[in-house]
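Asker: Can you keep this structure in mind? I'll have questions shortly.
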Amino acid sequence: MLSLALAGKPNAGKSTFYTAATMADVDVANYPFTTIDANRGVSHARTQCPCLDLDERCGNDRCHDGKRYVPVELLDVAGLVPGAHEGRGLGNQFLDELTDADAILHVVDASGATDEEGEPVEIGEHDPVEDLDFIEEEMDLWLASIIERNWETVERRSRSPDFDIDEALSEFLTGVGATELDVARTLRELEYPEDPLAWTDEHRESLASEIRARTKPIIVIANKADVAPPENIQALKERNEATIPVTADGELALRRAVEADIVEYDPGDPDFEITGDISDDQEAGLERVREVLEAHGGTGVQKALDTAVYEVLDQLTAYPVQDETHWTDGQGNVLPDAHLLSDGSTPRDLAYAVHSDIGEGYLHAVDAREKRRISDDTELEEGDVIKIVSTAK
């Protein structure tokens with residue numbers, strides 16, 4: 001499952017975002033280091049379900065009238081403070097938890113109402129752009145320290161006549177989520193001495209920064225957008241194009257209102273409908289949330305997840321079926337599964353995503369929309385419905 005990690009300084013709203021996105025029970029409080037042990041939960045990316053092309057909706061519990069929600073892992077860990085790479089605060093624990101993350105959702109207090117340590121200040125007193133700088137720096141220095149710890153091994157191996165620096169670096173960088181291809185592409189972007197003995201700290205830090213940017217892309221969650229000065233959000237967008245205005249509190253309020261059967265709302269909708277009996281205070285609170293939805297086109301929580309999955313990580317959603325005519329599995333369930341795949345993936349990649357045995361026994365694939373066999377090197381597209389023919393059952 002694709003893994004997204006929530007990063008940020010203490011008290012920026014990570015736990016509120018996590019709760020709103022997963023509806024899991026976690027501690028949410030207005031003080032630093034609310035989260036001590038990492039929380040792992042399941043959230044969802046939202047896309048359009050292919051059942052919209054059928055006479056009836058699929059009935060899948062992850063499809064809400066054609067809005068398909070595809071599972072992704074969401075990780076919430078302790079807040080990060082300056083000096084985390086040296087173990088300050090709960091830094092080492094936090095940074096080590098990022099190892100398997102495919103992307104980082106950096107939750108920023110866009111209102112500027114918390115300082116760099118996460119302590120409350122007046123709205124607008126702290127510049128949230130500074131938080132972007134220190135998070136990236138801490139992650140880069142953390143990765144540089146891992147490279148430094150393994151450099152003696154690289155130097156020792158360099159004495160061998162068949163030494164390959166790509167291979168030597170890949171042996172330990174795969175442990176922080178980098179592939180051999182990531183390492184090769186990164187080295188092509190850098191200027192460095194051929195002899196590892198001549199590398200300096202600056203070379204290793206440049207390598208760390210490039211590897212981090214390639215393997216841990218950052219999406220900025222401009223949280224508390226409902227009270228943030230507009231110039232703060234604009235400054236964050238100028239610093240990182242992938243910045244999403246968010247009110248995690250607003251999303252959480254709507255999710256809980258849905259659970260209480262007083263509103264109709266699907267995550268990612270630009271509006272909601274009040275359907276139950278509520279008090280004047282509840283109505284006033286929900287109307288304040290509605291104002292934020294109107295200003296930003298939604299609470300931003302779902303948009304942040306979708307941006308990470310479909311835009312930053314370039315994923316697509318494919319739907320494997322056994323019956324290409326009715327789009328069902330062996331039990332007659334319509335569009336039972338949805339798989340996230342990297343852009344450029346082929347039918348064989350989908351087969352492996354379903355199960356390794358299906359992939360190993362892969363014979364060919366059928367496009368269920370067109371009712372025709374497709375080549376093995378066909379690049380799948382968002383919303384493809386595919387029948388995999390395999391020797392495995």
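FYI, nothing fancy with the structure tokens labels: chains A, B, ... in order, residues from 1 per chain, ligands from 1 as they appear.
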So which residues of region 33-199 of chain A fall under helix (DSSP H, G or I) by DSSP, listed as a count of residues only?
Answerer: 68
Asker: Residues within 8 Å of Ala222 (chain A), please, as a PyMOL selection string. Count only C-alpha atoms; anything in the same chain fewer than 6 positions from it doesn't count.
Answerer: chain A and resi 107-110+233+236+243-246
Asker: Considering only C-alpha atoms, return as a VMD selection string whatever protein or nucleic-acid residues lie within 10 Å of Lys14 (chain A), sequence-local ones (same chain, fewer than 3 positions apart) excluded.
Answerer: chain A and resid 5 to 11 17 to 20 28 34 to 35 75 to 79 105 to 109 221 223 248
Asker: What's the 10 Å shell around Tyr310 (chain A), counting only C-alpha atoms, without same-chain residues fewer than 5 positions away, as a PyMOL selection string?
Answerer: chain A and resi 45-47+305+315-317+340-343+382
Asker: With N, CA, C and O atoms retained, export the selected residues as a CSV table (one decimal), in the first residue's frame.
Answerer:
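Result file is result.csv:
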```csv
chain,number,residue,atom,x,y,z
A,45,ALA,N,-7.4,7.9,-1.2
A,45,ALA,CA,-7.4,8.9,-2.3
A,45,ALA,C,-8.7,8.7,-3.1
A,45,ALA,O,-9.3,7.6,-3.1
A,46,ARG,N,-9.2,9.9,-3.5
A,46,ARG,CA,-10.5,9.9,-4.2
A,46,ARG,C,-10.3,10.0,-5.7
A,46,ARG,O,-9.6,10.8,-6.2
A,47,THR,N,-11.1,9.2,-6.4
A,47,THR,CA,-11.1,9.2,-7.9
A,47,THR,C,-12.5,8.9,-8.4
A,47,THR,O,-13.4,8.6,-7.6
A,305,LEU,N,-4.5,14.7,0.0
A,305,LEU,CA,-4.2,13.3,-0.3
A,305,LEU,C,-4.2,13.0,-1.7
A,305,LEU,O,-3.3,12.3,-2.3
A,315,GLN,N,0.5,8.6,-9.7
A,315,GLN,CA,-0.2,7.3,-9.7
A,315,GLN,C,-1.4,7.2,-10.5
A,315,GLN,O,-2.0,8.3,-10.9
A,316,LEU,N,-1.9,6.1,-10.9
A,316,LEU,CA,-3.1,5.9,-11.6
A,316,LEU,C,-3.9,4.7,-10.9
A,316,LEU,O,-3.3,3.9,-10.2
A,317,THR,N,-5.2,4.7,-11.2
A,317,THR,CA,-6.0,3.6,-10.6
A,317,THR,C,-6.5,2.7,-11.6
A,317,THR,O,-7.0,3.1,-12.7
A,340,LEU,N,-3.5,1.1,-7.0
A,340,LEU,CA,-2.7,2.3,-7.4
A,340,LEU,C,-1.4,1.8,-8.0
A,340,LEU,O,-0.7,0.9,-7.5
A,341,LEU,N,-1.1,2.3,-9.2
A,341,LEU,CA,0.1,1.9,-9.9
A,341,LEU,C,0.8,3.2,-10.4
A,341,LEU,O,0.2,4.2,-10.6
A,342,SER,N,2.1,3.1,-10.6
A,342,SER,CA,2.9,4.2,-11.1
A,342,SER,C,2.5,4.5,-12.6
A,342,SER,O,2.2,3.5,-13.3
A,343,ASP,N,2.6,5.7,-12.9
A,343,ASP,CA,2.4,6.1,-14.3
A,343,ASP,C,3.3,5.3,-15.2
A,343,ASP,O,4.5,5.2,-14.9
A,382,GLU,N,-5.6,6.0,-16.1
A,382,GLU,CA,-6.5,6.1,-15.0
A,382,GLU,C,-7.9,5.6,-15.3
A,382,GLU,O,-8.5,5.9,-16.4
```
Asker: Between A:Ile104, A:Cys51, A:Ala184, A:Ala24, single out the one closest to Ile135 (chain A), counting only C-alpha atoms.
Answerer: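 Comparing A:Ile104, A:Cys51, A:Ala184, A:Ala24 against Ile135 (chain A), the winner is A:Ile104.
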Asker: Please identify the strand (DSSP E) residues within region 73-254 of chain A (assignment by DSSP from backbone atoms) and present them as a PyMOL selection string.
Answerer: chain A and resi 73-76+103-109+218-223+243-245
Asker: Which residues are near Gly250 (chain A)? Cut-off 9 Å, only C-alpha atoms, ignore same chain within fewer than 4 positions. Put them as a PyMOL selection string.
Answerer: chain A and resi 20+226+246+254-255+286+288-290+292-293+299
Asker: Choose the residue, out of A:Asp280, A:Glu202, A:Asp61, A:Asp306, that has the smallest atom-to-atom separation from Ile147 (chain A); count only C-alpha atoms.
Answerer: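 Using only C-alpha atoms, the shortest distance to Ile147 (chain A) belongs to A:Glu202.
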Asker: Skipping near chain neighbours, those fewer than 5 positions away, what residues fall within 10 Å of Gly124 (chain A) using only C-alpha atoms, listed as a list in words?
Answerer: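 Listing them by chain and then by number gives Ala110, Ser111, Gly112, Ala113, Thr114, Val227, Ala228, Pro229, Glu231 and Asn232 of chain A.
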Asker: When distances are computed from only C-alpha atoms, which of A:Asp357, A:Asp55, A:Asp377, A:Asp162 shows the smallest separation from Thr391 (chain A)?
Answerer: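 So, comparing all the options, the nearest one is A:Asp357.
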Asker: Identify, on the basis of only C-alpha atoms, every residue whose closest approach to Asp384 (chain A) does not exceed 7 Å; exclude the query and any residue fewer than 2 positions from it along the same chain; express the result as a ChimeraX atom specification.
Answerer: /A:318-319,380-382,386
Asker: With only C-alpha atoms as the basis for distance, which of A:Ala392, A:Ile358, A:Leu350, A:Val72 is at the shortest distance from Thr378 (chain A)?
Answerer: A:Leu350
